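Visitor: Pasting in a structure now, in structure tokens, and then I'll have a few things to ask.
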Amino acid sequence: MGHTGEVAIGLDIGGTNIKSGIVNAEGVVIHHLNCPTKANEGGEALLNRITEITKELERYSSSQGWKVKGVGIGTAGQVNSRTGVVMGATANLPGWAGMEIGNRLHSMTGLSVLIDNDANAMAFGEAWVGSGRQWNDFVCVTLGTGVGGCLIINHRPYQGRDGFAGEIGHHVIEYSGYPCNCGRTGCWEQYASVTGLMRMVEEAGTELEEISTAESIFASAQEGNDASIHVLRRYTQYIAAGLANMVHTFNPEGIVIGGAITRQGDFLLNPVRESLSHQLLPVFRERVREIEVVSASLGDNGGVVGAVAGYFI
């Protein structure tokens, strides 16, 4: 492998899988270890699983002669990164809210611990060695089952007072719109997420009744299906509506979009860019070509890399 020197252990905790790995000072994952989350077993079991993963990766590092600077964790939910406590968790991680990951993992491993929200971690990775490294300030958005996000300022995630900043999926774009899991109605994630896209497919009725995945709706549109094209036009307009709000609020240098759906490349991003240009105020529209909208480049490694970025930059 040829690596020598210091490394850090990164973990990206989702409701289904825990992605983990050893990351070097150049932001490269030089060893992977992924496993099921088994979230149904509860918070204590999950903490024990994280501890065992960390110890296993530390042992591997030692066997290779690598010095571990610490462990970084990106997790779903709201996190106070200063205290290392998960303040709020999704239904996908039962028993996780209130977990003092920072102190408890440190006491069980002896390692320094950094913890943050998973979207913040992904964005930090993109700021360090990914698509956002060209900018000081940018907005990062993840489109998946829901919509996550992070504002990067001077190459680092903006945390807000309690560490909860970046819940951009829950700004409202349709006041009397679809109910959201958060308890509000019309949240952006109900329209810009993959879940929202598939709802639009379902609402299209019999014309798209054979469409069952996001990939298939894009394939259908590329084949010229009018109903699919209409759904994707509406979907990309909703994505752009939320991004326009981000541009108007933060005036970023650029926007990075992550999530598996970005594998569609410019077939997704070009209509988003076009719709965004039409939805901006004139003073912003005049500079819209300078506000790049690009795909995240780190893929599945983004959260693992970003979770440890704070050890190296």
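Residues in the structure tokens are numbered from 1 in each chain, the chains being A, B, ... in the order shown, and ligands are numbered from 1 in the order shown.
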Compile the contact shell of A:Phe138 as a list in words: residues with an atom at most 9 Å away, counting only C-alpha atoms, same-chain residues fewer than 6 positions apart removed.

Guide: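 Result of the neighbour search: Ala127, Gly132, Cys150, Leu151, Ile152, Ile153, Asn154, His155, Phe250, Asn251, Pro252, Glu253, Gly254, Ile255 and Val256 of chain A.
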
Visitor: Kindly export the residues of the current selection with N, CA and C atoms, as an mmCIF file, in the first residue's frame.

Guide:
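Below is the file that was written, result.cif:
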```cif
data_model
loop_
_atom_site.group_PDB
_atom_site.id
_atom_site.type_symbol
_atom_site.label_atom_id
_atom_site.label_comp_id
_atom_site.auth_asym_id
_atom_site.auth_seq_id
_atom_site.Cartn_x
_atom_site.Cartn_y
_atom_site.Cartn_z
ATOM 1 N N ALA A 127 -15.255 19.639 1.123
ATOM 2 C CA ALA A 127 -14.471 20.874 1.285
ATOM 3 C C ALA A 127 -12.980 20.574 1.352
ATOM 4 N N GLY A 132 -15.814 20.635 -3.450
ATOM 5 C CA GLY A 132 -15.878 21.969 -2.864
ATOM 6 C C GLY A 132 -14.536 22.569 -2.498
ATOM 7 N N CYS A 150 -25.542 21.386 4.470
ATOM 8 C CA CYS A 150 -24.525 22.017 5.299
ATOM 9 C C CYS A 150 -24.029 23.265 4.597
ATOM 10 N N LEU A 151 -23.782 24.298 5.358
ATOM 11 C CA LEU A 151 -23.141 25.507 4.850
ATOM 12 C C LEU A 151 -21.670 25.460 5.248
ATOM 13 N N ILE A 152 -20.791 25.506 4.261
ATOM 14 C CA ILE A 152 -19.353 25.547 4.526
ATOM 15 C C ILE A 152 -18.900 27.001 4.477
ATOM 16 N N ILE A 153 -18.261 27.460 5.545
ATOM 17 C CA ILE A 153 -17.691 28.807 5.613
ATOM 18 C C ILE A 153 -16.212 28.681 5.934
ATOM 19 N N ASN A 154 -15.380 29.258 5.079
ATOM 20 C CA ASN A 154 -13.929 29.192 5.239
ATOM 21 C C ASN A 154 -13.467 27.743 5.377
ATOM 22 N N HIS A 155 -14.004 26.883 4.510
ATOM 23 C CA HIS A 155 -13.620 25.473 4.397
ATOM 24 C C HIS A 155 -14.114 24.596 5.538
ATOM 25 N N PHE A 250 -27.489 32.875 1.490
ATOM 26 C CA PHE A 250 -26.066 32.747 1.828
ATOM 27 C C PHE A 250 -25.110 33.325 0.788
ATOM 28 N N ASN A 251 -25.582 33.566 -0.438
ATOM 29 C CA ASN A 251 -24.718 34.083 -1.494
ATOM 30 C C ASN A 251 -23.422 33.275 -1.599
ATOM 31 N N PRO A 252 -23.528 31.953 -1.799
ATOM 32 C CA PRO A 252 -22.335 31.106 -1.804
ATOM 33 C C PRO A 252 -21.547 31.217 -3.104
ATOM 34 N N GLU A 253 -20.310 30.727 -3.061
ATOM 35 C CA GLU A 253 -19.500 30.657 -4.274
ATOM 36 C C GLU A 253 -19.963 29.523 -5.180
ATOM 37 N N GLY A 254 -20.501 28.478 -4.592
ATOM 38 C CA GLY A 254 -20.946 27.332 -5.372
ATOM 39 C C GLY A 254 -21.866 26.431 -4.574
ATOM 40 N N ILE A 255 -22.383 25.407 -5.236
ATOM 41 C CA ILE A 255 -23.288 24.443 -4.624
ATOM 42 C C ILE A 255 -22.811 23.049 -5.003
ATOM 43 N N VAL A 256 -22.669 22.178 -4.002
ATOM 44 C CA VAL A 256 -22.316 20.779 -4.220
ATOM 45 C C VAL A 256 -23.530 19.929 -3.875
#
```

Visitor: List every residue of stretch 123-281 of chain A that DSSP, applied to the backbone of this structure, assigns to strand (DSSP E), and report them as a ChimeraX atom specification.

Guide: /A:138-143,147-153,156-157,254-258

Visitor: Can you measure atom CA of A:Arg156 to atom CA of A:Ser277 for me? One decimal in Å is fine.

Guide: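 About the pair atom CA of A:Arg156 and atom CA of A:Ser277: they are 26.8 Å apart.
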
Visitor: Rank A:Ala97, A:Leu143, A:Val71, A:Val305 by their smallest atom-to-atom distance to A:Val23, using only C-alpha atoms, and report the top residue only.

Guide: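 Smallest separation from A:Val23 among the options: A:Val305.
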
Visitor: Using only C-alpha atoms, pick whichever of A:Thr90, A:Thr51, A:Asn24, A:Ser216 has the shortest atom-to-atom distance to A:Gly5.

Guide: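 Of the candidates, the smallest distance to A:Gly5 is held by A:Asn24.
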
Visitor: Just how far from atom CA of A:Leu298 is atom CA of A:Arg263, in Å to one decimal?

Guide: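 We find that atom CA of A:Arg263 and atom CA of A:Leu298 lie 11.9 Å from each other.
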
Visitor: Tell me which of A:Thr213, A:Ser81, A:Ser228, A:Ser131 sits closest to A:Asp118, counting only C-alpha atoms.

Guide: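 Closest to A:Asp118, using only C-alpha atoms: A:Ser81.
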
Visitor: Quick one: everything within 6 Å of stretch 165-169 of chain A, counting only C-alpha atoms, minus sequence neighbours fewer than 6 positions away in the same chain. Send it as an NGL selection string.

Guide: :A and (147-150 or 159 or 188-189)

Visitor: For A:Gly259, work out the shell of residues within 9 Å, counting only C-alpha atoms and skipping chain neighbours fewer than 6 positions away, then give it as a list in words.

Guide: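 These residues fall inside the cut-off: Val141, Thr142, Leu143, Gly144, Ser295, Ala296, Gly299 and Asp300 of chain A.
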
Visitor: Would you export the selected residues with N, CA, C and O atoms as a CSV table (one decimal), in the first residue's frame, please?

Guide:
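Result went into out.csv, see below:
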```csv
chain,number,residue,atom,x,y,z
A,141,VAL,N,-25.6,20.0,-0.4
A,141,VAL,CA,-27.0,19.4,-0.3
A,141,VAL,C,-26.9,17.9,-0.6
A,141,VAL,O,-26.2,17.5,-1.6
A,142,THR,N,-27.6,17.1,0.2
A,142,THR,CA,-27.6,15.7,-0.1
A,142,THR,C,-29.1,15.3,-0.4
A,142,THR,O,-30.0,15.6,0.4
A,143,LEU,N,-29.3,14.7,-1.5
A,143,LEU,CA,-30.6,14.2,-2.0
A,143,LEU,C,-30.7,12.7,-1.8
A,143,LEU,O,-30.1,12.0,-2.6
A,144,GLY,N,-31.5,12.3,-0.9
A,144,GLY,CA,-31.7,10.8,-0.7
A,144,GLY,C,-33.1,10.6,-0.3
A,144,GLY,O,-34.1,11.1,-0.8
A,295,SER,N,-21.7,18.0,-8.8
A,295,SER,CA,-21.9,16.8,-8.1
A,295,SER,C,-20.8,16.6,-7.1
A,295,SER,O,-19.7,17.0,-7.3
A,296,ALA,N,-21.2,16.0,-5.9
A,296,ALA,CA,-20.2,15.6,-5.0
A,296,ALA,C,-19.3,14.6,-5.6
A,296,ALA,O,-19.7,13.8,-6.4
A,299,GLY,N,-18.4,10.3,-3.4
A,299,GLY,CA,-19.3,9.1,-3.4
A,299,GLY,C,-19.5,8.6,-2.0
A,299,GLY,O,-19.7,9.3,-1.0
A,300,ASP,N,-19.5,7.2,-1.9
A,300,ASP,CA,-19.7,6.6,-0.6
A,300,ASP,C,-18.7,6.9,0.5
A,300,ASP,O,-18.9,6.6,1.7
```

Visitor: At a cut-off of 12 Å, using only C-alpha atoms, what residues contact A:Glu41? Leave out same-chain residues fewer than 2 positions from it and give the result as a list in words.

Guide: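 My list of contacting residues is Gly15, Pro36, Thr37, Lys38, Ala39, Gly43, Glu44, Ala45, Leu46, Leu47, Asn48, Arg49, Asn92, Leu93, Pro94, Gly95 and Trp96 of chain A.
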
Visitor: Would you mind writing down, as a PyMOL selection string, each residue of stretch 4-201 of chain A that DSSP on the backbone assigns to alpha helix (DSSP H)?

Guide: chain A and resi 43-64+101-109+118-129+189-192+194-201

Visitor: Taking into account only C-alpha atoms, which residue in the set A:His31, A:Arg184, A:Arg233, A:His248 is nearest to A:Phe267?

Guide: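 Answer, going by the shortest atom-to-atom distance: A:Arg233.
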
Visitor: Calculate how many Å separate atom CA of A:Ala221 from atom CA of A:Asn270, rounding to one decimal.

Guide: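 About the pair atom CA of A:Ala221 and atom CA of A:Asn270: they are 14.2 Å apart.
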
Visitor: Which residues come within 10 Å of A:Ile53, counting only C-alpha atoms, excluding same-chain residues fewer than 6 positions away, as a ChimeraX atom specification?

Guide: /A:9,11,18,20-21,33-35,47,59

Visitor: Given the choices A:Val201, A:Ser61, A:Gly302, A:Val172, which gets closest to A:Ile229 if the distance is worked out from only C-alpha atoms?

Guide: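 Among the listed residues, A:Val201 lies closest to A:Ile229.
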
Visitor: Between A:Gly163, A:Gly306, A:Gly205, A:Gly70, single out the one closest to A:Gly125, counting only C-alpha atoms.

Guide: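 Distance minimum relative to A:Gly125 lands on A:Gly306.
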
Visitor: Please identify all polymer residues within 9 Å of stretch 106-109 of chain A, counting only C-alpha atoms, omitting same-chain residues fewer than 4 positions from it, and present them as a list in words.

Guide: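 Once the adjacent positions are removed, what remains is Thr51, Thr54, Lys55, Val71, Ile101, Gly102 and Val113 of chain A.
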